[in-house]
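Peer 1: model06.pdb is reproduced in full below (PDB, C-alpha atoms and all ligand atoms).
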ATOM      1  CA  MET Y 110      11.119  51.357   9.170  1.00  0.00           C
ATOM      2  CA  PHE Y 111      10.586  47.818  10.349  1.00  0.00           C
ATOM      3  CA  ILE Y 112      12.198  44.791   8.714  1.00  0.00           C
ATOM      4  CA  THR Y 113      11.224  41.207   9.244  1.00  0.00           C
ATOM      5  CA  ASP Y 114      12.070  37.716   8.090  1.00  0.00           C
ATOM      6  CA  PHE Y 115       9.188  35.744   6.611  1.00  0.00           C
ATOM      7  CA  ASP Y 116       9.409  31.980   7.311  1.00  0.00           C
ATOM      8  CA  GLY Y 117       9.002  31.224  10.984  1.00  0.00           C
ATOM      9  CA  VAL Y 118       8.281  34.858  11.854  1.00  0.00           C
ATOM     10  CA  ILE Y 119       5.224  35.894   9.820  1.00  0.00           C
ATOM     11  CA  ILE Y 120       4.173  32.504   8.525  1.00  0.00           C
ATOM     12  CA  ASP Y 121       4.322  28.986   9.878  1.00  0.00           C
ATOM     13  CA  GLY Y 122       5.057  27.092   6.689  1.00  0.00           C
ATOM     14  CA  MET Y 123       6.185  23.757   8.142  1.00  0.00           C
ATOM     15  CA  ASP Y 124       3.411  21.823   6.386  1.00  0.00           C
ATOM     16  CA  GLU Y 125       4.333  23.404   3.065  1.00  0.00           C
ATOM     17  CA  TYR Y 126       8.074  22.852   3.571  1.00  0.00           C
ATOM     18  CA  TRP Y 127       7.507  19.137   3.865  1.00  0.00           C
ATOM     19  CA  TRP Y 128       4.868  19.077   1.134  1.00  0.00           C
ATOM     20  CA  SER Y 129       7.200  20.750  -1.375  1.00  0.00           C
ATOM     21  CA  ALA Y 130      10.428  19.123  -0.114  1.00  0.00           C
ATOM     22  CA  ARG Y 131       8.874  15.671  -0.462  1.00  0.00           C
ATOM     23  CA  ARG Y 132       7.539  16.328  -3.945  1.00  0.00           C
ATOM     24  CA  CYS Y 133      10.786  17.898  -5.035  1.00  0.00           C
ATOM     25  CA  ALA Y 134      12.814  14.927  -3.737  1.00  0.00           C
ATOM     26  CA  ILE Y 135      10.532  12.461  -5.535  1.00  0.00           C
ATOM     27  CA  ARG Y 136      10.810  14.500  -8.730  1.00  0.00           C
ATOM     28  CA  LEU Y 137      14.599  14.246  -8.487  1.00  0.00           C
ATOM     29  CA  ASP Y 138      14.696  10.548  -7.495  1.00  0.00           C
ATOM     30  CA  SER Y 139      11.660   8.308  -7.845  1.00  0.00           C
ATOM     31  CA  ARG Y 140      13.047   5.899  -5.216  1.00  0.00           C
ATOM     32  CA  LEU Y 141      11.826   8.446  -2.656  1.00  0.00           C
ATOM     33  CA  GLY Y 142       8.192   7.787  -3.578  1.00  0.00           C
ATOM     34  CA  THR Y 143       7.642   6.043  -0.243  1.00  0.00           C
ATOM     35  CA  LEU Y 144       8.245   9.197   1.824  1.00  0.00           C
ATOM     36  CA  PRO Y 145       5.228   9.792   4.088  1.00  0.00           C
ATOM     37  CA  ASP Y 146       2.675  12.564   3.505  1.00  0.00           C
ATOM     38  CA  ALA Y 147       2.702  13.685   7.141  1.00  0.00           C
ATOM     39  CA  VAL Y 148       5.604  15.872   8.293  1.00  0.00           C
ATOM     40  CA  PRO Y 149       8.233  13.559   9.867  1.00  0.00           C
ATOM     41  CA  GLU Y 150       9.432  14.647  13.315  1.00  0.00           C
ATOM     42  CA  MET Y 151      13.007  14.430  12.032  1.00  0.00           C
ATOM     43  CA  PHE Y 152      12.236  16.979   9.301  1.00  0.00           C
ATOM     44  CA  ARG Y 153      10.643  19.285  11.861  1.00  0.00           C
ATOM     45  CA  SER Y 154      13.700  19.144  14.097  1.00  0.00           C
ATOM     46  CA  LEU Y 155      16.226  19.616  11.250  1.00  0.00           C
ATOM     47  CA  ARG Y 156      14.343  22.458   9.532  1.00  0.00           C
ATOM     48  CA  PRO Y 157      15.759  25.206  11.833  1.00  0.00           C
ATOM     49  CA  HIS Y 158      19.203  24.541  10.314  1.00  0.00           C
ATOM     50  CA  VAL Y 159      17.982  25.385   6.802  1.00  0.00           C
ATOM     51  CA  LEU Y 160      19.204  28.640   5.315  1.00  0.00           C
ATOM     52  CA  GLY Y 161      17.903  28.258   1.757  1.00  0.00           C
ATOM     53  CA  GLY Y 162      14.834  26.282   0.693  1.00  0.00           C
ATOM     54  CA  TRP Y 163      16.909  24.194  -1.751  1.00  0.00           C
ATOM     55  CA  GLU Y 164      18.387  22.329   1.240  1.00  0.00           C
ATOM     56  CA  MET Y 165      14.981  20.835   2.110  1.00  0.00           C
ATOM     57  CA  PRO Y 166      14.790  18.156  -0.617  1.00  0.00           C
ATOM     58  CA  LEU Y 167      18.225  16.961   0.528  1.00  0.00           C
ATOM     59  CA  LEU Y 168      16.788  16.557   4.039  1.00  0.00           C
ATOM     60  CA  ALA Y 169      13.819  14.691   2.587  1.00  0.00           C
ATOM     61  CA  ALA Y 170      16.235  12.389   0.732  1.00  0.00           C
ATOM     62  CA  SER Y 171      18.121  11.782   3.962  1.00  0.00           C
ATOM     63  CA  ILE Y 172      14.894  10.806   5.727  1.00  0.00           C
ATOM     64  CA  GLY Y 173      14.163   8.515   2.779  1.00  0.00           C
ATOM     65  CA  GLY Y 174      17.527   6.760   3.177  1.00  0.00           C
ATOM     66  CA  LEU Y 175      19.620   8.520   0.481  1.00  0.00           C
ATOM     67  CA  GLY Y 176      22.801  10.437   1.338  1.00  0.00           C
ATOM     68  CA  PRO Y 177      23.917  11.165   4.909  1.00  0.00           C
ATOM     69  CA  SER Y 178      21.550  10.050   7.664  1.00  0.00           C
ATOM     70  CA  PRO Y 179      19.302  12.478   9.556  1.00  0.00           C
ATOM     71  CA  GLN Y 180      21.489  11.801  12.597  1.00  0.00           C
ATOM     72  CA  ALA Y 181      24.523  12.981  10.623  1.00  0.00           C
ATOM     73  CA  PHE Y 182      22.673  16.184   9.648  1.00  0.00           C
ATOM     74  CA  ALA Y 183      21.711  16.770  13.281  1.00  0.00           C
ATOM     75  CA  ALA Y 184      25.317  16.297  14.438  1.00  0.00           C
ATOM     76  CA  ALA Y 185      27.057  18.350  11.697  1.00  0.00           C
ATOM     77  CA  TYR Y 186      24.659  20.142   9.389  1.00  0.00           C
ATOM     78  CA  GLY Y 187      27.039  21.981   7.030  1.00  0.00           C
ATOM     79  CA  PRO Y 188      29.389  19.064   6.248  1.00  0.00           C
ATOM     80  CA  SER Y 189      26.402  16.702   5.868  1.00  0.00           C
ATOM     81  CA  LEU Y 190      24.790  19.075   3.400  1.00  0.00           C
ATOM     82  CA  GLN Y 191      27.985  19.118   1.321  1.00  0.00           C
ATOM     83  CA  GLN Y 192      28.144  15.332   1.505  1.00  0.00           C
ATOM     84  CA  ALA Y 193      24.497  15.059   0.425  1.00  0.00           C
ATOM     85  CA  VAL Y 194      25.145  17.305  -2.597  1.00  0.00           C
ATOM     86  CA  ALA Y 195      28.123  15.116  -3.526  1.00  0.00           C
ATOM     87  CA  ASP Y 196      26.221  11.835  -2.993  1.00  0.00           C
ATOM     88  CA  LEU Y 197      23.038  12.829  -4.809  1.00  0.00           C
ATOM     89  CA  GLY Y 198      24.349  15.293  -7.375  1.00  0.00           C
ATOM     90  CA  TRP Y 199      21.670  17.826  -6.440  1.00  0.00           C
ATOM     91  CA  ASP Y 200      23.598  21.044  -6.082  1.00  0.00           C
ATOM     92  CA  ARG Y 201      21.972  24.323  -5.191  1.00  0.00           C
ATOM     93  CA  SER Y 202      20.887  25.198  -8.727  1.00  0.00           C
ATOM     94  CA  VAL Y 203      19.411  21.736  -9.407  1.00  0.00           C
ATOM     95  CA  ALA Y 204      17.505  21.591  -6.122  1.00  0.00           C
ATOM     96  CA  GLU Y 205      16.377  25.224  -6.327  1.00  0.00           C
ATOM     97  CA  GLU Y 206      15.041  24.820  -9.836  1.00  0.00           C
ATOM     98  CA  ALA Y 207      13.159  21.630  -8.933  1.00  0.00           C
ATOM     99  CA  LEU Y 208      11.697  23.246  -5.821  1.00  0.00           C
ATOM    100  CA  ASP Y 209      10.558  26.303  -7.783  1.00  0.00           C
ATOM    101  CA  GLU Y 210       8.925  24.006 -10.357  1.00  0.00           C
ATOM    102  CA  VAL Y 211       7.025  22.138  -7.640  1.00  0.00           C
ATOM    103  CA  ARG Y 212       5.802  25.413  -6.158  1.00  0.00           C
ATOM    104  CA  THR Y 213       4.968  26.979  -9.512  1.00  0.00           C
ATOM    105  CA  ASP Y 214       2.906  23.890 -10.369  1.00  0.00           C
ATOM    106  CA  ALA Y 215       1.120  24.127  -7.024  1.00  0.00           C
ATOM    107  CA  VAL Y 216       0.311  27.806  -7.504  1.00  0.00           C
ATOM    108  CA  ARG Y 217      -0.992  27.083 -10.984  1.00  0.00           C
ATOM    109  CA  HIS Y 218      -2.999  23.928 -10.335  1.00  0.00           C
ATOM    110  CA  ALA Y 219      -3.847  23.881  -6.634  1.00  0.00           C
ATOM    111  CA  ARG Y 220      -3.523  27.479  -5.619  1.00  0.00           C
ATOM    112  CA  GLN Y 221      -5.954  27.577  -2.700  1.00  0.00           C
ATOM    113  CA  SER Y 222      -4.784  24.354  -1.099  1.00  0.00           C
ATOM    114  CA  TRP Y 223      -1.156  25.415  -1.480  1.00  0.00           C
ATOM    115  CA  LEU Y 224      -1.856  28.815   0.089  1.00  0.00           C
ATOM    116  CA  ALA Y 225      -3.697  27.075   2.937  1.00  0.00           C
ATOM    117  CA  LEU Y 226      -0.519  25.177   3.850  1.00  0.00           C
ATOM    118  CA  HIS Y 227       0.888  28.513   5.107  1.00  0.00           C
ATOM    119  CA  ARG Y 228      -0.509  29.749   8.403  1.00  0.00           C
ATOM    120  CA  PRO Y 229       0.245  33.255   9.651  1.00  0.00           C
ATOM    121  CA  TYR Y 230       1.127  33.579  13.329  1.00  0.00           C
ATOM    122  CA  PRO Y 231      -1.940  35.524  14.559  1.00  0.00           C
ATOM    123  CA  TRP Y 232       0.039  37.980  16.749  1.00  0.00           C
ATOM    124  CA  MET Y 233       2.410  38.833  13.895  1.00  0.00           C
ATOM    125  CA  LEU Y 234      -0.435  39.215  11.407  1.00  0.00           C
ATOM    126  CA  ALA Y 235      -2.241  41.596  13.798  1.00  0.00           C
ATOM    127  CA  PHE Y 236       0.984  43.528  14.399  1.00  0.00           C
ATOM    128  CA  LEU Y 237       1.763  43.984  10.700  1.00  0.00           C
ATOM    129  CA  LEU Y 238      -1.804  44.998   9.890  1.00  0.00           C
ATOM    130  CA  ARG Y 239      -1.524  47.580  12.663  1.00  0.00           C
ATOM    131  CA  LEU Y 240       1.730  48.935  11.185  1.00  0.00           C
ATOM    132  CA  GLN Y 241       0.012  49.228   7.815  1.00  0.00           C
ATOM    133  CA  ALA Y 242      -2.973  51.028   9.343  1.00  0.00           C
ATOM    134  CA  GLU Y 243      -0.578  53.472  11.045  1.00  0.00           C
ATOM    135  CA  GLY Y 244       1.313  54.023   7.807  1.00  0.00           C
ATOM    136  CA  THR Y 245       4.604  52.675   9.202  1.00  0.00           C
ATOM    137  CA  PRO Y 246       6.708  51.316   6.344  1.00  0.00           C
ATOM    138  CA  TRP Y 247       7.827  47.722   6.723  1.00  0.00           C
ATOM    139  CA  ARG Y 248       9.802  45.352   4.560  1.00  0.00           C
ATOM    140  CA  VAL Y 249      10.400  41.654   4.312  1.00  0.00           C
ATOM    141  CA  LEU Y 250      13.840  40.092   4.053  1.00  0.00           C
ATOM    142  CA  THR Y 251      13.703  36.431   3.126  1.00  0.00           C
ATOM    143  CA  THR Y 252      15.657  33.616   1.510  1.00  0.00           C
ATOM    144  CA  LYS Y 253      12.474  32.608  -0.360  1.00  0.00           C
ATOM    145  CA  SER Y 254      11.845  33.954  -3.819  1.00  0.00           C
ATOM    146  CA  ALA Y 255      10.282  37.418  -3.685  1.00  0.00           C
ATOM    147  CA  ALA Y 256       7.380  36.454  -5.970  1.00  0.00           C
ATOM    148  CA  PHE Y 257       6.166  33.526  -3.822  1.00  0.00           C
ATOM    149  CA  THR Y 258       6.583  35.612  -0.679  1.00  0.00           C
ATOM    150  CA  ALA Y 259       4.590  38.558  -2.027  1.00  0.00           C
ATOM    151  CA  GLU Y 260       1.845  36.186  -3.146  1.00  0.00           C
ATOM    152  CA  LEU Y 261       1.600  34.603   0.313  1.00  0.00           C
ATOM    153  CA  LEU Y 262       1.567  37.974   2.043  1.00  0.00           C
ATOM    154  CA  ALA Y 263      -1.104  39.377  -0.255  1.00  0.00           C
ATOM    155  CA  ASN Y 264      -3.285  36.381   0.578  1.00  0.00           C
ATOM    156  CA  HIS Y 265      -3.501  37.786   4.122  1.00  0.00           C
ATOM    157  CA  GLY Y 266      -3.867  41.451   3.196  1.00  0.00           C
ATOM    158  CA  LEU Y 267      -0.206  42.194   3.907  1.00  0.00           C
ATOM    159  CA  GLU Y 268       1.443  44.737   1.655  1.00  0.00           C
ATOM    160  CA  PRO Y 269       5.022  45.522   2.623  1.00  0.00           C
ATOM    161  CA  GLU Y 270       6.815  48.446   1.053  1.00  0.00           C
ATOM    162  CA  GLN Y 271       9.132  45.870  -0.495  1.00  0.00           C
ATOM    163  CA  VAL Y 272       9.992  42.181  -0.379  1.00  0.00           C
ATOM    164  CA  HIS Y 273      13.706  41.445  -0.616  1.00  0.00           C
ATOM    165  CA  GLY Y 274      13.971  37.839  -1.752  1.00  0.00           C
ATOM    166  CA  ARG Y 275      16.836  35.449  -2.252  1.00  0.00           C
ATOM    167  CA  GLU Y 276      17.458  37.086  -5.650  1.00  0.00           C
ATOM    168  CA  ASP Y 277      18.674  40.203  -3.831  1.00  0.00           C
ATOM    169  CA  GLY Y 278      21.565  38.432  -2.091  1.00  0.00           C
ATOM    170  CA  PRO Y 279      22.552  37.642   1.495  1.00  0.00           C
ATOM    171  CA  LYS Y 280      20.561  39.370   4.218  1.00  0.00           C
ATOM    172  CA  PRO Y 281      23.424  41.452   5.717  1.00  0.00           C
ATOM    173  CA  ALA Y 282      24.255  42.855   2.266  1.00  0.00           C
ATOM    174  CA  VAL Y 283      20.611  43.776   1.617  1.00  0.00           C
ATOM    175  CA  LEU Y 284      20.355  45.472   5.016  1.00  0.00           C
ATOM    176  CA  ALA Y 285      23.564  47.392   4.364  1.00  0.00           C
ATOM    177  CA  SER Y 286      22.143  48.638   1.063  1.00  0.00           C
ATOM    178  CA  LEU Y 287      18.993  49.940   2.797  1.00  0.00           C
ATOM    179  CA  LEU Y 288      20.601  51.890   5.598  1.00  0.00           C
ATOM    180  CA  PRO Y 289      22.018  54.852   3.650  1.00  0.00           C
ATOM    181  CA  SER Y 290      18.461  55.958   2.865  1.00  0.00           C
ATOM    182  CA  LEU Y 291      17.648  56.311   6.581  1.00  0.00           C
ATOM    183  CA  PRO Y 292      18.373  59.190   8.954  1.00  0.00           C
ATOM    184  CA  PRO Y 293      21.734  58.461  10.637  1.00  0.00           C
ATOM    185  CA  GLU Y 294      20.254  58.357  14.152  1.00  0.00           C
ATOM    186  CA  ALA Y 295      17.517  55.905  13.180  1.00  0.00           C
ATOM    187  CA  THR Y 296      17.640  52.360  14.477  1.00  0.00           C
ATOM    188  CA  VAL Y 297      15.934  49.663  12.475  1.00  0.00           C
ATOM    189  CA  PRO Y 298      14.317  46.687  14.193  1.00  0.00           C
ATOM    190  CA  PHE Y 299      14.966  43.436  12.352  1.00  0.00           C
ATOM    191  CA  VAL Y 300      13.078  40.319  13.457  1.00  0.00           C
ATOM    192  CA  GLU Y 301      14.478  36.876  12.626  1.00  0.00           C
ATOM    193  CA  ASP Y 302      14.094  33.344  13.917  1.00  0.00           C
ATOM    194  CA  ARG Y 303      17.537  32.215  12.753  1.00  0.00           C
ATOM    195  CA  LEU Y 304      20.062  33.176  15.402  1.00  0.00           C
ATOM    196  CA  ALA Y 305      22.996  32.638  13.013  1.00  0.00           C
ATOM    197  CA  SER Y 306      21.590  35.343  10.712  1.00  0.00           C
ATOM    198  CA  LEU Y 307      21.243  37.789  13.616  1.00  0.00           C
ATOM    199  CA  LEU Y 308      24.827  37.069  14.683  1.00  0.00           C
ATOM    200  CA  GLU Y 309      26.050  37.731  11.130  1.00  0.00           C
ATOM    201  CA  VAL Y 310      24.245  41.063  11.096  1.00  0.00           C
ATOM    202  CA  ARG Y 311      25.713  41.942  14.470  1.00  0.00           C
ATOM    203  CA  GLN Y 312      29.247  41.334  13.208  1.00  0.00           C
ATOM    204  CA  HIS Y 313      28.778  43.418  10.065  1.00  0.00           C
ATOM    205  CA  PRO Y 314      30.572  46.743  10.556  1.00  0.00           C
ATOM    206  CA  ASP Y 315      27.981  48.773   8.615  1.00  0.00           C
ATOM    207  CA  LEU Y 316      24.976  47.422  10.484  1.00  0.00           C
ATOM    208  CA  SER Y 317      25.348  48.925  13.949  1.00  0.00           C
ATOM    209  CA  HIS Y 318      21.984  50.689  13.473  1.00  0.00           C
ATOM    210  CA  VAL Y 319      20.130  47.419  13.036  1.00  0.00           C
ATOM    211  CA  ARG Y 320      18.582  46.062  16.237  1.00  0.00           C
ATOM    212  CA  GLY Y 321      18.181  42.322  16.059  1.00  0.00           C
ATOM    213  CA  PHE Y 322      15.220  40.542  17.632  1.00  0.00           C
ATOM    214  CA  LEU Y 323      14.926  36.768  17.867  1.00  0.00           C
ATOM    215  CA  ALA Y 324      11.324  35.614  17.348  1.00  0.00           C
ATOM    216  CA  SER Y 325      10.675  33.138  20.178  1.00  0.00           C
ATOM    217  CA  TRP Y 326       7.840  31.474  18.237  1.00  0.00           C
ATOM    218  CA  GLY Y 327       9.910  30.620  15.158  1.00  0.00           C
ATOM    219  CA  TYR Y 328      11.997  27.647  14.081  1.00  0.00           C
ATOM    220  CA  LEU Y 329      14.614  27.806  16.807  1.00  0.00           C
ATOM    221  CA  LEU Y 330      17.318  25.314  17.626  1.00  0.00           C
ATOM    222  CA  PRO Y 331      17.469  24.053  21.206  1.00  0.00           C
ATOM    223  CA  GLY Y 332      19.269  26.616  23.354  1.00  0.00           C
ATOM    224  CA  ASP Y 333      18.941  29.537  20.885  1.00  0.00           C
ATOM    225  CA  ILE Y 334      17.028  31.690  23.372  1.00  0.00           C
ATOM    226  CA  ASP Y 335      19.684  31.237  26.065  1.00  0.00           C
ATOM    227  CA  ARG Y 336      22.494  31.690  23.547  1.00  0.00           C
ATOM    228  CA  ALA Y 337      21.284  34.991  22.044  1.00  0.00           C
ATOM    229  CA  PRO Y 338      23.913  37.525  23.153  1.00  0.00           C
ATOM    230  CA  ASP Y 339      23.246  41.163  24.042  1.00  0.00           C
ATOM    231  CA  PRO Y 340      22.094  43.319  22.362  1.00  0.00           C
ATOM    232  CA  ILE Y 341      19.995  40.747  20.497  1.00  0.00           C
ATOM    233  CA  GLN Y 342      16.626  40.654  22.244  1.00  0.00           C
ATOM    234  CA  VAL Y 343      14.254  37.740  22.408  1.00  0.00           C
ATOM    235  CA  LEU Y 344      10.840  38.791  21.151  1.00  0.00           C
ATOM    236  CA  HIS Y 345       7.697  37.145  22.523  1.00  0.00           C
ATOM    237  CA  PRO Y 346       4.201  37.421  21.025  1.00  0.00           C
ATOM    238  CA  GLU Y 347       3.007  39.708  23.836  1.00  0.00           C
ATOM    239  CA  ASP Y 348       5.881  42.140  23.104  1.00  0.00           C
ATOM    240  CA  LEU Y 349       4.176  42.947  19.804  1.00  0.00           C
ATOM    241  CA  GLN Y 350       1.413  44.760  21.640  1.00  0.00           C
ATOM    242  CA  ALA Y 351       3.789  47.600  22.573  1.00  0.00           C
ATOM    243  CA  PRO Y 352       4.131  50.466  20.080  1.00  0.00           C
ATOM    244  CA  LEU Y 353       7.163  50.045  17.858  1.00  0.00           C
ATOM    245  CA  ALA Y 354       8.637  53.266  19.274  1.00  0.00           C
ATOM    246  CA  ASN Y 355       8.881  51.578  22.709  1.00  0.00           C
ATOM    247  CA  TRP Y 356      10.773  48.496  21.547  1.00  0.00           C
TER     248      TRP Y 356
HETATM  249 MG    MG R 401      13.016  32.360   9.301  1.00  0.00          MG
END
Please lay out the structure from this file as structure tokens.
Ligand SMILES: [Mg+2]

Peer 2:
Amino acid sequence: MFITDFDGVIIDGMDEYWWSARRCAIRLDSRLGTLPDAVPEMFRSLRPHVLGGWEMPLLAASIGGLGPSPQAFAAAYGPSLQQAVADLGWDRSVAEEALDEVRTDAVRHARQSWLALHRPYPWMLAFLLRLQAEGTPWRVLTTKSAAFTAELLANHGLEPEQVHGREDGPKPAVLASLLPSLPPEATVPFVEDRLASLLEVRQHPDLSHVRGFLASWGYLLPGDIDRAPDPIQVLHPEDLQAPLANW
């Protein structure tokens, strides 16, 4: 089995993150109507901190001058996020619902242009299509909703055995629930671009059979590649040419 994250590993969705974060923020506060259409550099550099998509409209608000400043987010992401929720009154459920509405609208009314905002990384697309052709089962573990993720994958001919979305819970818990079905000697490669998630998995006592790989092409924070401790391996596009058995 092969397990992979979605955003920043299979798909470069930066254009869509801003597109939906901006619309969501404007929906929640019309004062943000002046936010630019083009992805701000500040959004691009803060996006690697994001764990759940609902945080993105709060970043958009920050860039638009509401809540803590982008500099505050860059210096202390977690506390700034809490402060932003307190300042704006957009907690997780409010922001998540608004974001889902924006995306549902897009799928309904502008499906092709919305899909086109998501670009697969060519080496990962080729790798996953090869796994499928070989009959190797693979799964996706994401903090996006499973339905949107499956839709985006299908648009590129990708059909994982299963998509585990944010509805299924935190990634380490989902991984732990999958392992009992595997032979005890099996190791499972898990590719992520969020080092914090790989570190969480590494510390989980039931997940010693999961081998973490950090996708070098994803949304990394400065220094992530140097900070990744053994046995977490940094994965480069050319590494995907080797058969999975040799990883
Ligand atoms: Mg990711």

Peer 1: Determine the nearest neighbour of ligand MG 401 (chain R) from the options Y:Ala170, Y:Leu160, Y:Ala263, Y:Leu155, counting only C-alpha atoms and all ligand atoms.

Peer 2: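 So, comparing all the options, the nearest one is Y:Leu160.
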
Peer 1: Would you mind listing the residues within 12 Å of ligand MG 401 (chain R), counting only C-alpha atoms and all ligand atoms, as a CSV table (one decimal) with C-alpha atoms, in the frame of the given file?

Peer 2:
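selection-v5.csv was written with the following content:
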chain,number,residue,atom,x,y,z
Y,113,THR,CA,11.2,41.2,9.2
Y,114,ASP,CA,12.1,37.7,8.1
Y,115,PHE,CA,9.2,35.7,6.6
Y,116,ASP,CA,9.4,32.0,7.3
Y,117,GLY,CA,9.0,31.2,11.0
Y,118,VAL,CA,8.3,34.9,11.9
Y,119,ILE,CA,5.2,35.9,9.8
Y,120,ILE,CA,4.2,32.5,8.5
Y,121,ASP,CA,4.3,29.0,9.9
Y,122,GLY,CA,5.1,27.1,6.7
Y,123,MET,CA,6.2,23.8,8.1
Y,156,ARG,CA,14.3,22.5,9.5
Y,157,PRO,CA,15.8,25.2,11.8
Y,158,HIS,CA,19.2,24.5,10.3
Y,159,VAL,CA,18.0,25.4,6.8
Y,160,LEU,CA,19.2,28.6,5.3
Y,161,GLY,CA,17.9,28.3,1.8
Y,162,GLY,CA,14.8,26.3,0.7
Y,249,VAL,CA,10.4,41.7,4.3
Y,250,LEU,CA,13.8,40.1,4.1
Y,251,THR,CA,13.7,36.4,3.1
Y,252,THR,CA,15.7,33.6,1.5
Y,253,LYS,CA,12.5,32.6,-0.4
Y,280,LYS,CA,20.6,39.4,4.2
Y,299,PHE,CA,15.0,43.4,12.4
Y,300,VAL,CA,13.1,40.3,13.5
Y,301,GLU,CA,14.5,36.9,12.6
Y,302,ASP,CA,14.1,33.3,13.9
Y,303,ARG,CA,17.5,32.2,12.8
Y,304,LEU,CA,20.1,33.2,15.4
Y,305,ALA,CA,23.0,32.6,13.0
Y,306,SER,CA,21.6,35.3,10.7
Y,307,LEU,CA,21.2,37.8,13.6
Y,322,PHE,CA,15.2,40.5,17.6
Y,323,LEU,CA,14.9,36.8,17.9
Y,324,ALA,CA,11.3,35.6,17.3
Y,325,SER,CA,10.7,33.1,20.2
Y,326,TRP,CA,7.8,31.5,18.2
Y,327,GLY,CA,9.9,30.6,15.2
Y,328,TYR,CA,12.0,27.6,14.1
Y,329,LEU,CA,14.6,27.8,16.8
Y,330,LEU,CA,17.3,25.3,17.6

Peer 1: Hey, can you pull every residue with an atom no more than 10 Å from (3.8, 38.7, 23.4), using only C-alpha atoms, and send it as an mmCIF file with C-alpha atoms, keeping the file's coordinate frame?

Peer 2:
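Listed below is the output, result36.cif:
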data_model
loop_
_atom_site.group_PDB
_atom_site.id
_atom_site.type_symbol
_atom_site.label_atom_id
_atom_site.label_comp_id
_atom_site.auth_asym_id
_atom_site.auth_seq_id
_atom_site.Cartn_x
_atom_site.Cartn_y
_atom_site.Cartn_z
ATOM 1 C CA TRP Y 232 0.039 37.980 16.749
ATOM 2 C CA MET Y 233 2.410 38.833 13.895
ATOM 3 C CA SER Y 325 10.675 33.138 20.178
ATOM 4 C CA TRP Y 326 7.840 31.474 18.237
ATOM 5 C CA LEU Y 344 10.840 38.791 21.151
ATOM 6 C CA HIS Y 345 7.697 37.145 22.523
ATOM 7 C CA PRO Y 346 4.201 37.421 21.025
ATOM 8 C CA GLU Y 347 3.007 39.708 23.836
ATOM 9 C CA ASP Y 348 5.881 42.140 23.104
ATOM 10 C CA LEU Y 349 4.176 42.947 19.804
ATOM 11 C CA GLN Y 350 1.413 44.760 21.640
ATOM 12 C CA ALA Y 351 3.789 47.600 22.573
#

Peer 1: For Y:Ser222, which of Y:Gly321, Y:Ala354, Y:Glu125, Y:Glu164 is the closest residue, counting only C-alpha atoms?

Peer 2: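 Checking each of Y:Gly321, Y:Ala354, Y:Glu125, Y:Glu164 against Y:Ser222, counting only C-alpha atoms, the winner is Y:Glu125.
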
Peer 1: Please report the interatomic distance between atom CA of Y:Ala183 and atom CA of Y:Ser254 in Å with one decimal.

Peer 2: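 Atom CA of Y:Ala183 sits 26.2 Å away from atom CA of Y:Ser254.
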
Peer 1: Can you tell me which residues surround Y:Trp128 at a distance of at most 9 Å, considering all atoms listed in the file, apart from same-chain residues fewer than 6 positions away, and format the answer as JSON, numbers by chain?

Peer 2: {"Y": [146, 147, 148, 226]}

Peer 1: Find the distance between atom CA of Y:Ala204 and atom CA of Y:Ala185 and write it in Å to one decimal.

Peer 2: 20.5 Å

Peer 1: Measure the distance from atom CA of Y:Gln271 to atom CA of Y:Leu353 in Å and round it to one decimal.

Peer 2: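 According to the coordinates, atom CA of Y:Gln271 and atom CA of Y:Leu353 are separated by 18.9 Å.
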
Peer 1: Could you pull the residues within 10 Å of Y:Met151, counting all atoms listed in the file, minus those fewer than 6 positions along the same chain, as an NGL selection string?

Peer 2: :Y and (168-169 or 171-172 or 179-180 or 183)

Peer 1: Box in all listed atoms of stretch 297-314 of chain Y, axis-aligned, with 8 Å more on each side; write out centre and edge lengths in Å to one decimal as AutoDock Vina command-line options.

Peer 2:
--center_x 21.8 --center_y 40.9 --center_z 12.7 --size_x 33.5 --size_y 33.4 --size_z 21.3

Peer 1: Reconstruct N, CA and C atoms of stretch 189-196 of chain Y; output as a short mmCIF file (atom, residue, chain, number, x, y, z; two decimals), in the coordinates of the input.

Peer 2:
data_model
loop_
_atom_site.label_atom_id
_atom_site.label_comp_id
_atom_site.auth_asym_id
_atom_site.auth_seq_id
_atom_site.Cartn_x
_atom_site.Cartn_y
_atom_site.Cartn_z
N SER Y 189 27.34 17.71 6.37
CA SER Y 189 26.40 16.70 5.87
C SER Y 189 25.71 17.20 4.61
N LEU Y 190 25.42 18.50 4.58
CA LEU Y 190 24.79 19.08 3.40
C LEU Y 190 25.73 18.94 2.19
N GLN Y 191 26.99 19.25 2.41
CA GLN Y 191 27.98 19.12 1.32
C GLN Y 191 28.08 17.67 0.85
N GLN Y 192 28.07 16.76 1.82
CA GLN Y 192 28.14 15.33 1.50
C GLN Y 192 26.91 14.91 0.71
N ALA Y 193 25.74 15.42 1.11
CA ALA Y 193 24.50 15.06 0.42
C ALA Y 193 24.53 15.55 -1.02
N VAL Y 194 25.03 16.76 -1.23
CA VAL Y 194 25.14 17.30 -2.60
C VAL Y 194 26.06 16.40 -3.42
N ALA Y 195 27.18 15.98 -2.82
CA ALA Y 195 28.12 15.12 -3.53
C ALA Y 195 27.50 13.75 -3.82
N ASP Y 196 26.79 13.18 -2.83
CA ASP Y 196 26.22 11.84 -2.99
C ASP Y 196 25.10 11.82 -4.03
#
